[in-house]
Amino acid sequence: MDPRFFLTVFTTVFLAELGDKTQLATFLYASDAAHSKRTVFLAAASALVLTSAIGVALGGVVAQYVSPRLFSRLAGAGFVVLGVWTILRA
């Protein structure tokens, strides 16, 4: 395993997840005293692992048909479009 690549992926995903609706939903569940914080953590962590596994699997399939360079450019353009759309809606 390449530690630099691991850190790049970790940092990118960590920053993308901060303050998103997933974190807010987890925050709300954890704030309810009637529910175990451990259960909230395990359920949320399991959901994130599963969605990440789906992303990795789909990325592997897409990579068979689309060049990594083109895919990277399309993903970058998609993020820019979402960013502009978010700013315009604010």
# chains A, B, ... in the order shown; residues from 1 in each chain; ligands from 1
call {"tool": "residues_around", "arguments": {"residues": "Ala30 of chain A", "least_positions_apart": "5", "cutoff": "12 Å", "atoms": "only C-alpha atoms", "output": "list in words"}}
result
Gln23, Leu24, Ala25, His35, Ser36, Lys37, Arg38, Thr39, Val40, Phe41, Leu42, Ala43 and Ala44 of chain A
call {"tool": "write_last_selection", "arguments": {"atoms": "N, CA and C atoms", "output": "compact mmCIF listing (two decimals), in the first residue's frame"}}
result
# COMPACT_ATOMS: atom_id res chain seq x y z
N GLN A 23 -23.05 13.66 7.77
CA GLN A 23 -22.53 14.00 9.08
C GLN A 23 -23.62 14.66 9.93
N LEU A 24 -24.43 15.50 9.32
CA LEU A 24 -25.51 16.15 10.07
C LEU A 24 -26.54 15.13 10.56
N ALA A 25 -26.87 14.16 9.72
CA ALA A 25 -27.81 13.11 10.14
C ALA A 25 -27.23 12.30 11.28
N HIS A 35 -30.79 6.79 22.20
CA HIS A 35 -30.06 5.85 21.34
C HIS A 35 -28.60 5.74 21.75
N SER A 36 -28.07 4.54 21.64
CA SER A 36 -26.68 4.28 21.97
C SER A 36 -25.75 4.96 20.96
N LYS A 37 -24.77 5.68 21.47
CA LYS A 37 -23.79 6.33 20.60
C LYS A 37 -23.00 5.28 19.82
N ARG A 38 -22.75 4.14 20.44
CA ARG A 38 -22.04 3.06 19.76
C ARG A 38 -22.84 2.55 18.57
N THR A 39 -24.15 2.40 18.74
CA THR A 39 -25.00 1.94 17.64
C THR A 39 -25.00 2.95 16.51
N VAL A 40 -25.10 4.23 16.86
CA VAL A 40 -25.07 5.28 15.84
C VAL A 40 -23.75 5.23 15.09
N PHE A 41 -22.63 5.12 15.82
CA PHE A 41 -21.32 5.07 15.18
C PHE A 41 -21.19 3.85 14.26
N LEU A 42 -21.56 2.68 14.77
CA LEU A 42 -21.40 1.46 13.98
C LEU A 42 -22.28 1.48 12.73
N ALA A 43 -23.52 1.98 12.87
CA ALA A 43 -24.42 2.04 11.72
C ALA A 43 -23.91 3.04 10.68
N ALA A 44 -23.49 4.22 11.15
CA ALA A 44 -23.00 5.24 10.22
C ALA A 44 -21.70 4.79 9.55
call {"tool": "residues_around", "arguments": {"residues": "Phe71 of chain A", "least_positions_apart": "5", "cutoff": "12 Å", "atoms": "only C-alpha atoms", "output": "ChimeraX atom specification"}}
result
/A:59-66,76-78
call {"tool": "atom_distance", "arguments": {"atom1": "atom CA of Asp32 of chain A", "atom2": "atom CA of Phe10 of chain A"}}
result
28.8 Å
